[in-house]
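Everything below belongs to my_file02.txt, which stores compact mmCIF, C-alpha atoms.
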# COMPACT_ATOMS: atom_id res chain seq x y z
CA MET Q 1 0.00 0.00 0.00
CA SER Q 2 1.54 3.26 -1.07
CA THR Q 3 1.02 6.63 0.50
CA ALA Q 4 0.60 9.74 -1.60
CA ALA Q 5 2.62 12.84 -0.96
CA PRO Q 6 0.73 15.53 0.94
CA THR Q 7 -0.69 18.27 -1.22
CA THR Q 8 -2.24 21.63 -0.58
CA GLY Q 9 -5.77 22.53 -1.29
CA HIS Q 10 -4.83 23.49 -4.86
CA GLY Q 11 -2.98 20.28 -5.54
CA THR Q 12 0.49 21.76 -5.34
CA ASP Q 13 3.34 19.55 -4.18
CA THR Q 14 4.83 20.91 -0.95
CA SER Q 15 7.60 18.40 -0.59
CA ALA Q 16 11.03 19.77 0.42
CA PRO Q 17 13.33 20.87 -2.42
CA PRO Q 18 16.33 18.71 -3.20
CA ALA Q 19 19.38 19.34 -1.03
CA THR Q 20 22.18 21.38 -2.59
CA GLY Q 21 24.87 20.75 -0.03
CA GLY Q 22 24.18 23.95 1.92
CA ARG Q 23 25.68 26.26 -0.76
CA ARG Q 24 23.88 29.19 -2.31
CA ARG Q 25 24.48 29.80 -5.97
CA ARG Q 26 25.90 33.21 -6.79
CA PRO Q 27 23.91 35.23 -9.27
CA SER Q 28 25.51 35.59 -12.67
CA PRO Q 29 26.80 39.00 -13.87
CA VAL Q 30 23.84 39.25 -16.22
CA THR Q 31 21.46 38.67 -13.32
CA ARG Q 32 23.21 41.29 -11.20
CA LEU Q 33 23.07 43.84 -14.03
CA SER Q 34 19.42 43.13 -14.69
CA SER Q 35 18.63 43.54 -10.99
CA LEU Q 36 20.03 47.08 -10.94
CA SER Q 37 17.49 49.81 -10.67
CA TRP Q 38 17.55 52.06 -13.71
CA THR Q 39 16.64 54.97 -11.52
CA SER Q 40 20.15 54.86 -10.02
CA LEU Q 41 21.53 55.94 -13.40
CA LEU Q 42 19.76 59.27 -12.96
CA TYR Q 43 22.39 60.24 -10.38
CA VAL Q 44 25.23 60.04 -12.93
CA ALA Q 45 23.22 61.19 -15.94
CA PRO Q 46 24.02 64.94 -15.47
CA ALA Q 47 27.75 64.25 -15.20
CA LEU Q 48 27.66 61.95 -18.24
CA ALA Q 49 25.72 64.52 -20.23
CA PHE Q 50 28.15 67.28 -19.27
CA PHE Q 51 31.15 65.08 -20.14
CA GLY Q 52 29.65 64.11 -23.48
CA VAL Q 53 28.67 67.64 -24.54
CA PHE Q 54 31.74 69.54 -23.34
CA VAL Q 55 34.51 66.89 -23.68
CA LEU Q 56 33.68 64.05 -26.06
CA TYR Q 57 31.84 66.12 -28.63
CA PRO Q 58 34.58 68.81 -28.98
CA ILE Q 59 37.22 66.10 -29.25
CA GLY Q 60 35.26 64.39 -32.00
CA ILE Q 61 34.77 67.67 -33.88
CA SER Q 62 38.49 68.45 -33.59
CA VAL Q 63 39.41 65.05 -35.01
CA TRP Q 64 36.97 65.67 -37.88
CA TYR Q 65 38.36 69.16 -38.61
CA SER Q 66 41.94 67.87 -38.55
CA PHE Q 67 41.37 66.14 -41.90
CA TYR Q 68 40.10 69.30 -43.62
CA ALA Q 69 41.44 72.62 -44.82
CA TYR Q 70 38.89 74.75 -43.00
CA ASP Q 71 38.81 78.44 -42.10
CA GLY Q 72 35.62 78.41 -40.04
CA LEU Q 73 33.60 80.33 -42.66
CA THR Q 74 33.66 78.54 -45.99
CA VAL Q 75 33.13 74.87 -46.78
CA GLY Q 76 36.08 72.73 -45.74
CA THR Q 77 38.17 70.79 -48.25
CA PRO Q 78 39.33 67.25 -47.38
CA VAL Q 79 43.12 67.06 -47.25
CA GLY Q 80 43.65 63.66 -45.65
CA TRP Q 81 46.75 63.49 -43.46
CA ASP Q 82 48.30 66.72 -44.81
CA ASN Q 83 47.63 68.66 -41.60
CA TYR Q 84 49.38 66.00 -39.51
CA THR Q 85 52.26 65.91 -41.97
CA ALA Q 86 52.62 69.68 -41.60
CA VAL Q 87 52.68 69.33 -37.82
CA PHE Q 88 55.64 66.94 -37.90
CA THR Q 89 57.58 68.69 -40.67
CA ASP Q 90 57.25 72.32 -39.57
CA GLY Q 91 60.50 73.49 -37.98
CA ARG Q 92 58.69 76.09 -35.88
CA LEU Q 93 56.56 73.45 -34.22
CA ARG Q 94 59.59 71.28 -33.48
CA ALA Q 95 61.25 74.28 -31.82
CA ALA Q 96 58.09 74.97 -29.84
CA LEU Q 97 58.00 71.36 -28.65
CA LEU Q 98 61.64 71.67 -27.59
CA HIS Q 99 60.69 74.72 -25.52
CA SER Q 100 57.99 72.64 -23.81
CA LEU Q 101 60.55 69.97 -22.98
CA VAL Q 102 62.76 72.64 -21.40
CA LEU Q 103 59.81 73.89 -19.38
CA LEU Q 104 59.23 70.35 -18.09
CA PHE Q 105 62.34 70.78 -15.96
CA PHE Q 106 60.99 73.97 -14.40
CA TYR Q 107 57.32 73.00 -14.23
CA ALA Q 108 57.69 69.38 -13.11
CA ALA Q 109 61.16 68.40 -11.86
CA LEU Q 110 61.91 71.48 -9.76
CA PRO Q 111 58.44 71.74 -8.13
CA VAL Q 112 58.50 68.06 -7.18
CA CYS Q 113 61.98 68.37 -5.65
CA ALA Q 114 61.05 71.59 -3.83
CA GLY Q 115 57.78 70.05 -2.61
CA LEU Q 116 59.61 66.99 -1.26
CA LEU Q 117 62.15 69.17 0.53
CA LEU Q 118 59.50 71.42 2.10
CA ALA Q 119 57.21 68.54 3.03
CA GLY Q 120 60.06 66.59 4.63
CA ALA Q 121 61.15 69.64 6.64
CA MET Q 122 57.62 70.56 7.75
CA SER Q 123 56.88 67.01 8.88
CA ARG Q 124 59.79 67.18 11.35
CA ILE Q 125 59.63 70.81 12.47
CA ARG Q 126 57.03 71.97 14.97
CA VAL Q 127 56.81 75.75 14.77
CA TYR Q 128 54.03 78.07 15.94
CA GLY Q 129 52.03 79.32 12.97
CA LEU Q 130 53.19 76.56 10.63
CA THR Q 131 49.66 76.20 9.23
CA VAL Q 132 49.70 79.82 8.08
CA PHE Q 133 53.11 79.27 6.54
CA ARG Q 134 51.76 76.29 4.56
CA ALA Q 135 48.81 78.34 3.35
CA VAL Q 136 51.14 81.10 2.14
CA LEU Q 137 53.26 78.60 0.22
CA PHE Q 138 50.14 77.14 -1.41
CA LEU Q 139 48.80 80.60 -2.34
CA PRO Q 140 50.28 80.71 -5.89
CA GLN Q 141 48.23 77.65 -6.82
CA ILE Q 142 44.90 79.38 -6.20
CA LEU Q 143 45.73 82.71 -7.83
CA SER Q 144 44.53 83.52 -11.33
CA SER Q 145 47.14 82.93 -14.01
CA VAL Q 146 46.49 86.41 -15.39
CA VAL Q 147 47.21 87.97 -12.00
CA ILE Q 148 50.39 85.89 -11.70
CA ALA Q 149 51.54 86.85 -15.19
CA VAL Q 150 50.98 90.58 -14.65
CA ALA Q 151 52.67 90.53 -11.25
CA TRP Q 152 55.77 88.71 -12.49
CA ARG Q 153 55.93 90.83 -15.63
CA ASN Q 154 56.23 93.93 -13.46
CA LEU Q 155 58.59 92.19 -11.05
CA LEU Q 156 61.00 91.13 -13.81
CA ALA Q 157 60.80 94.35 -15.83
CA GLU Q 158 64.00 96.25 -16.57
CA ASP Q 159 63.07 98.87 -13.95
CA GLY Q 160 61.32 96.35 -11.70
CA PRO Q 161 62.00 95.26 -8.12
CA ALA Q 162 64.19 92.30 -9.13
CA ASN Q 163 66.75 94.50 -10.87
CA ALA Q 164 66.48 97.10 -8.10
CA VAL Q 165 67.53 94.47 -5.57
CA LEU Q 166 70.46 93.40 -7.77
CA ARG Q 167 71.67 96.98 -8.06
CA ALA Q 168 71.25 97.53 -4.33
CA VAL Q 169 73.54 94.60 -3.46
CA GLY Q 170 76.19 95.51 -6.04
CA LEU Q 171 75.13 93.02 -8.73
CA GLY Q 172 73.83 95.60 -11.17
CA ARG Q 173 75.81 94.06 -14.04
CA PHE Q 174 73.35 91.14 -13.98
CA ALA Q 175 70.30 93.40 -14.25
CA THR Q 176 68.41 92.91 -17.51
CA SER Q 177 64.94 92.75 -18.98
CA TRP Q 178 64.38 89.18 -17.91
CA LEU Q 179 61.30 88.53 -20.05
CA GLY Q 180 62.60 90.55 -23.00
CA ASP Q 181 66.06 89.06 -23.36
CA PHE Q 182 66.59 86.19 -25.79
CA ASP Q 183 68.78 84.31 -23.31
CA THR Q 184 66.69 84.74 -20.15
CA ALA Q 185 63.07 84.81 -21.38
CA LEU Q 186 62.45 81.04 -21.40
CA PRO Q 187 64.18 80.36 -18.03
CA SER Q 188 62.25 83.27 -16.51
CA ILE Q 189 58.98 81.72 -17.67
CA GLY Q 190 60.18 78.47 -16.13
CA VAL Q 191 60.89 80.13 -12.77
CA ILE Q 192 57.36 81.52 -12.73
CA GLY Q 193 56.00 78.04 -13.37
CA THR Q 194 58.11 76.60 -10.56
CA TRP Q 195 56.73 79.22 -8.18
CA VAL Q 196 53.17 78.33 -9.21
CA GLU Q 197 53.47 74.54 -8.97
CA TYR Q 198 55.63 73.81 -5.93
CA GLY Q 199 52.80 74.57 -3.48
CA LEU Q 200 50.59 71.90 -4.99
CA CYS Q 201 53.38 69.32 -4.76
CA MET Q 202 54.08 70.28 -1.16
CA VAL Q 203 50.44 69.78 -0.11
CA LEU Q 204 50.24 66.40 -1.88
CA PHE Q 205 53.39 65.16 -0.18
CA LEU Q 206 52.31 66.42 3.24
CA SER Q 207 49.06 64.47 2.93
CA GLY Q 208 51.06 61.35 2.09
CA ILE Q 209 53.50 61.80 4.98
CA VAL Q 210 50.63 62.09 7.47
CA ALA Q 211 49.41 58.63 6.41
CA ILE Q 212 52.76 56.95 7.14
CA ASP Q 213 52.78 54.86 10.31
CA ARG Q 214 54.81 56.65 12.99
CA SER Q 215 56.04 53.35 14.38
CA THR Q 216 58.04 52.86 11.19
CA TYR Q 217 60.10 55.97 11.96
CA GLU Q 218 60.54 54.84 15.57
CA ALA Q 219 61.86 51.49 14.38
CA ALA Q 220 64.24 53.24 11.99
CA ARG Q 221 65.60 55.42 14.81
CA LEU Q 222 66.17 52.31 16.92
CA ASP Q 223 68.22 50.94 14.03
CA GLY Q 224 70.33 54.11 14.06
CA ALA Q 225 68.85 55.84 11.00
CA GLY Q 226 69.18 59.62 10.79
CA PRO Q 227 66.81 62.15 9.16
CA VAL Q 228 68.33 61.71 5.70
CA ARG Q 229 68.24 57.94 5.92
CA GLU Q 230 64.63 58.04 7.14
CA PHE Q 231 63.63 60.24 4.22
CA PHE Q 232 65.13 58.04 1.51
CA ALA Q 233 64.28 54.68 3.13
CA ILE Q 234 60.78 55.40 4.45
CA THR Q 235 59.28 58.71 3.32
CA LEU Q 236 60.27 58.66 -0.35
CA PRO Q 237 59.07 55.08 -1.09
CA ALA Q 238 55.80 55.72 0.75
CA LEU Q 239 55.15 58.85 -1.34
CA ARG Q 240 55.22 56.98 -4.65
CA PRO Q 241 51.46 57.51 -5.35
CA GLN Q 242 51.66 61.22 -4.47
CA ILE Q 243 54.77 61.69 -6.62
CA SER Q 244 52.97 60.05 -9.53
CA ILE Q 245 49.98 62.39 -9.17
CA ALA Q 246 52.22 65.44 -8.81
CA LEU Q 247 54.20 64.55 -11.93
CA ILE Q 248 51.06 63.96 -13.96
CA LEU Q 249 49.57 67.32 -12.94
CA THR Q 250 52.76 69.33 -13.42
CA ILE Q 251 53.73 67.68 -16.73
CA THR Q 252 50.23 68.26 -18.08
CA PHE Q 253 50.43 71.89 -17.03
CA ALA Q 254 53.81 72.29 -18.72
CA LEU Q 255 52.72 70.79 -22.04
CA ARG Q 256 49.39 72.60 -22.31
CA ASN Q 257 50.53 75.91 -20.80
CA PHE Q 258 49.19 78.89 -22.72
CA ASP Q 259 47.77 81.68 -20.56
CA LEU Q 260 50.92 82.23 -18.49
CA ILE Q 261 53.11 82.62 -21.57
CA TRP Q 262 50.55 84.63 -23.52
CA ASN Q 263 50.15 87.19 -20.74
CA THR Q 264 53.89 87.60 -20.13
CA THR Q 265 55.79 87.35 -23.44
CA ARG Q 266 53.21 86.30 -26.11
CA GLY Q 267 55.85 83.87 -27.35
CA GLY Q 268 58.60 86.46 -27.67
CA PRO Q 269 61.11 87.84 -27.94
CA GLY Q 270 61.03 86.40 -31.43
CA THR Q 271 59.97 82.78 -30.95
CA THR Q 272 62.10 81.99 -27.89
CA THR Q 273 59.11 81.24 -25.63
CA THR Q 274 56.66 79.80 -28.13
CA VAL Q 275 54.99 76.48 -27.19
CA PRO Q 276 52.62 74.22 -29.18
CA SER Q 277 49.50 75.53 -27.41
CA LEU Q 278 50.44 79.04 -28.56
CA TYR Q 279 50.52 77.88 -32.18
CA VAL Q 280 47.14 76.20 -31.69
CA TYR Q 281 45.68 79.55 -30.67
CA GLN Q 282 47.39 81.48 -33.47
CA ASP Q 283 46.41 79.01 -36.21
CA ALA Q 284 42.81 78.76 -35.02
CA PHE Q 285 41.94 82.38 -34.18
CA GLN Q 286 44.48 84.53 -36.00
CA ASN Q 287 45.44 82.61 -39.14
CA ARG Q 288 42.03 80.96 -39.58
CA MET Q 289 43.59 77.53 -40.16
CA LEU Q 290 41.24 75.43 -38.02
CA GLY Q 291 42.20 72.15 -39.64
CA ARG Q 292 45.87 72.53 -38.87
CA ALA Q 293 45.13 73.87 -35.39
CA SER Q 294 42.93 70.83 -34.71
CA ALA Q 295 45.65 68.45 -35.91
CA LEU Q 296 48.20 70.12 -33.66
CA ALA Q 297 45.79 69.98 -30.71
CA ILE Q 298 45.18 66.26 -31.28
CA VAL Q 299 48.92 65.55 -31.49
CA LEU Q 300 49.53 67.55 -28.31
CA THR Q 301 46.77 65.63 -26.53
CA LEU Q 302 48.28 62.30 -27.57
CA ILE Q 303 51.72 63.42 -26.35
CA ILE Q 304 50.25 64.35 -22.97
CA LEU Q 305 48.44 61.01 -22.70
CA LEU Q 306 51.62 59.15 -23.64
CA VAL Q 307 53.64 60.99 -21.00
CA VAL Q 308 50.96 60.31 -18.37
CA VAL Q 309 50.97 56.59 -19.19
CA VAL Q 310 54.77 56.44 -18.99
CA VAL Q 311 54.77 58.19 -15.60
CA GLN Q 312 52.11 55.84 -14.24
CA LEU Q 313 53.96 52.76 -15.45
CA ALA Q 314 57.29 54.02 -14.07
CA LEU Q 315 55.92 54.87 -10.61
CA ARG Q 316 53.33 52.17 -10.13
CA GLU Q 317 53.52 49.94 -7.08
CA ARG Q 318 55.49 46.85 -7.98
CA GLU Q 319 54.74 43.56 -6.33
CA GLY Q 320 57.47 41.82 -4.46
CA PRO Q 321 59.42 42.19 -1.26
CA ARG Q 322 60.48 45.68 -0.33
CA ARG Q 323 62.81 46.52 2.47
CA ARG Q 324 61.17 48.29 5.34
CA PHE Q 325 62.12 49.17 8.84
CA THR Q 326 60.30 47.00 11.34
CA ARG Q 327 60.41 46.75 15.07
CA PRO Q 328 63.08 44.32 16.26
CA ARG Q 329 61.55 41.12 17.53
CA THR Q 330 62.72 39.42 20.65
CA PRO Q 331 63.66 35.79 20.13
CA ASP Q 332 61.01 33.32 21.19
CA ARG Q 333 61.95 31.32 24.27
CA LYS Q 334 61.17 27.66 24.18
CA VAL Q 335 59.64 26.30 27.31
CA GLN Q 336 61.60 23.30 28.38
CA SER Q 337 59.69 20.47 29.87
CA SER Q 338 60.80 19.52 33.32
Could you write out this file's structure as C-alpha cells?
Amino acid sequence: MSTAAPTTGHGTDTSAPPATGGRRRRPSPVTRLSSLSWTSLLYVAPALAFFGVFVLYPIGISVWYSFYAYDGLTVGTPVGWDNYTAVFTDGRLRAALLHSLVLLFFYAALPVCAGLLLAGAMSRIRVYGLTVFRAVLFLPQILSSVVIAVAWRNLLAEDGPANAVLRAVGLGRFATSWLGDFDTALPSIGVIGTWVEYGLCMVLFLSGIVAIDRSTYEAARLDGAGPVREFFAITLPALRPQISIALILTITFALRNFDLIWNTTRGGPGTTTTVPSLYVYQDAFQNRMLGRASALAIVLTLIILLVVVVVQLALREREGPRRRFTRPRTPDRKVQSS
C-alpha cells in the first residue's frame, strides 16, 4: 500500500526541495546587471551629459576638422593626413615642442623636488604658525594665471624690483629685462611656473607623509637611521602615489601651458618662448587655419596622454618584497619540559 505525498488545497506539491549541499548559488553578472534599478543611473546622468557635450563632442569635432582645410567660414576641403604631416615637418613646431621639454624641468622636476624638501622639513619641524606658513606657500596655486603673469611681468621688468635688488647689493651688471632678453626669457617663464606649482606638490606630499605609520620611523631610529636615511628609506618610497599624481599634474600643465606665456611674453622675444599651445591659438583664431590647429591639438593631446601613461607605469607599485624598517623582535623562548 503506497502513501501519496501531501498536497495543498490546490494540488500543489509541498515536498522539500532537493538538497544542494548547503551552498547558495551566486547570481551571474547578467542577473546582477538586470537587478540594478535604472533609476540609479539618474544620479550620474548629469555628469555623463556634461562630459559628453563639453569633452567628447569637442574632441570628436576636432578630429573631424583635422582632416580638412577649413577656415571656419567657408566649406572645408578634405586634405587627408596633410595637416598632420605639416605638424611633424614644420620646424617652428619642433622648436616649440623643444621649448615645452625645457619647461618640463621647471614646471615638473623642480616643483616636485622643492615640494619633497619642504614637506620633509615641515613634517619634522614643529613651529608656531606653521599652518599659516603652509597656506602662504600654497597661495600661488589658487591665484589667477592672469594675475600671476601681470605681477611677475612687473617684477622682472627692466626697472622692476628684481633688478632694483640686484643693483642695491652691487650686482647691477646682472640686471636685464628678464622677459625681454633672448637668453633669459624662457628660463624666466620656467621660474614663474616653478613658483606656481611647488605649493601643490608640497600639499600632496604632506598628505602622504601624514598617512605613514609613525612606528616605522621609531623602528628606523632604533636601528640608528638619521633624518636623511629616514627620508630616503621610508618617506620617499611611501610617497610613490603622491609623486605620480604630482608629476602627472605638473607635466600636463607644462605641455598645455598657454595663458601664463601669452600674458607675459606672447611667445617672444622672437619665438624663444613659443609652445605648441600658442601655435594652436594662433592658427585657429588669427590665421584661420582650423584644420591645422585641430591636428596640432590632437597631437599635443596624444603626447600628454603618452607621458601620463609612462609616468604611471614608471611609478606604479610593484609587487614583491620591499625593504622596510620594522620593530626588532625578541627571540622566542622555548619552554623546556621539566
Protein and nucleic acid residues near (51.4, 67.1, -10.0) (cut-off 9 Å, only C-alpha atoms) as a list in words:
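Checked against the point, the hits come out as Ala108, Pro111, Val112, Glu197, Tyr198, Leu200, Cys201, Leu204, Gln242, Ile243, Ser244, Ile245, Ala246, Leu247, Ile248, Leu249, Thr250, Ile251, Thr252 and Phe253 of chain Q.
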Spatial neighbours of Asn163 of chain Q, 12 Å, all atoms listed in the file, chain gap at least 5 places, as a VMD selection string:
chain Q and resid 154 to 158 168 to 178
Would you pick out the contacts of segment 84-93 of chain Q at 12 Å or less, using all atoms listed in the file, so that residues sharing its chain but fewer than 5 positions from it are not included, and give the list as a count of residues only?
33
Let me know the centre plus edge lengths, in Å and rounded to one decimal, of a box with edges along x, y and z that contains all listed atoms of segment 292-296 of chain Q and is padded by 5 Å on every side, as lines of an AutoDock Vina configuration file.
center_x = 45.6
center_y = 71.2
center_z = -36.3
size_x = 15.3
size_y = 15.4
size_z = 15.2
Distance query segment 123-137 of chain Q at most 9 Å, all atoms listed in the file, self and fewer than 2 positions along chain excluded, as a ChimeraX atom specification:
/Q:118-121,139-141,198-200,202-203,206,209-210,227
With distances taken over all atoms listed in the file, which of Q:Leu305, Q:Val147, Q:Leu290, Q:Val55 is nearest to Tyr70 of chain Q?
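When distances to Tyr70 of chain Q are compared using all atoms listed in the file, the smallest one comes from Q:Leu290.
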Would you mind telling me which residue in Q:Thr264, Q:Thr216, Q:Gln312, Q:Gln286 lies nearest to Ala149 of chain Q when using only C-alpha atoms?
Q:Thr264
Work out how far apart atom CA of Leu56 of chain Q and atom CA of Asn263 of chain Q are and give it in Å to one decimal.
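Separation between atom CA of Leu56 of chain Q and atom CA of Asn263 of chain Q: 28.9 Å.
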What is the distance, in Å and to one decimal place, between atom CA of Arg266 of chain Q and atom CA of Leu186 of chain Q?
11.6 Å
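The gap separating atom CA of Leu239 of chain Q from atom CA of Ser207 of chain Q is 9.3 Å, in Å to one decimal.
For the choices Q:Trp38, Q:Trp262, Q:Trp81, Q:Trp195, the atom-to-atom distance to Phe106 of chain Q is smallest for Q:Trp195 when using all atoms listed in the file.
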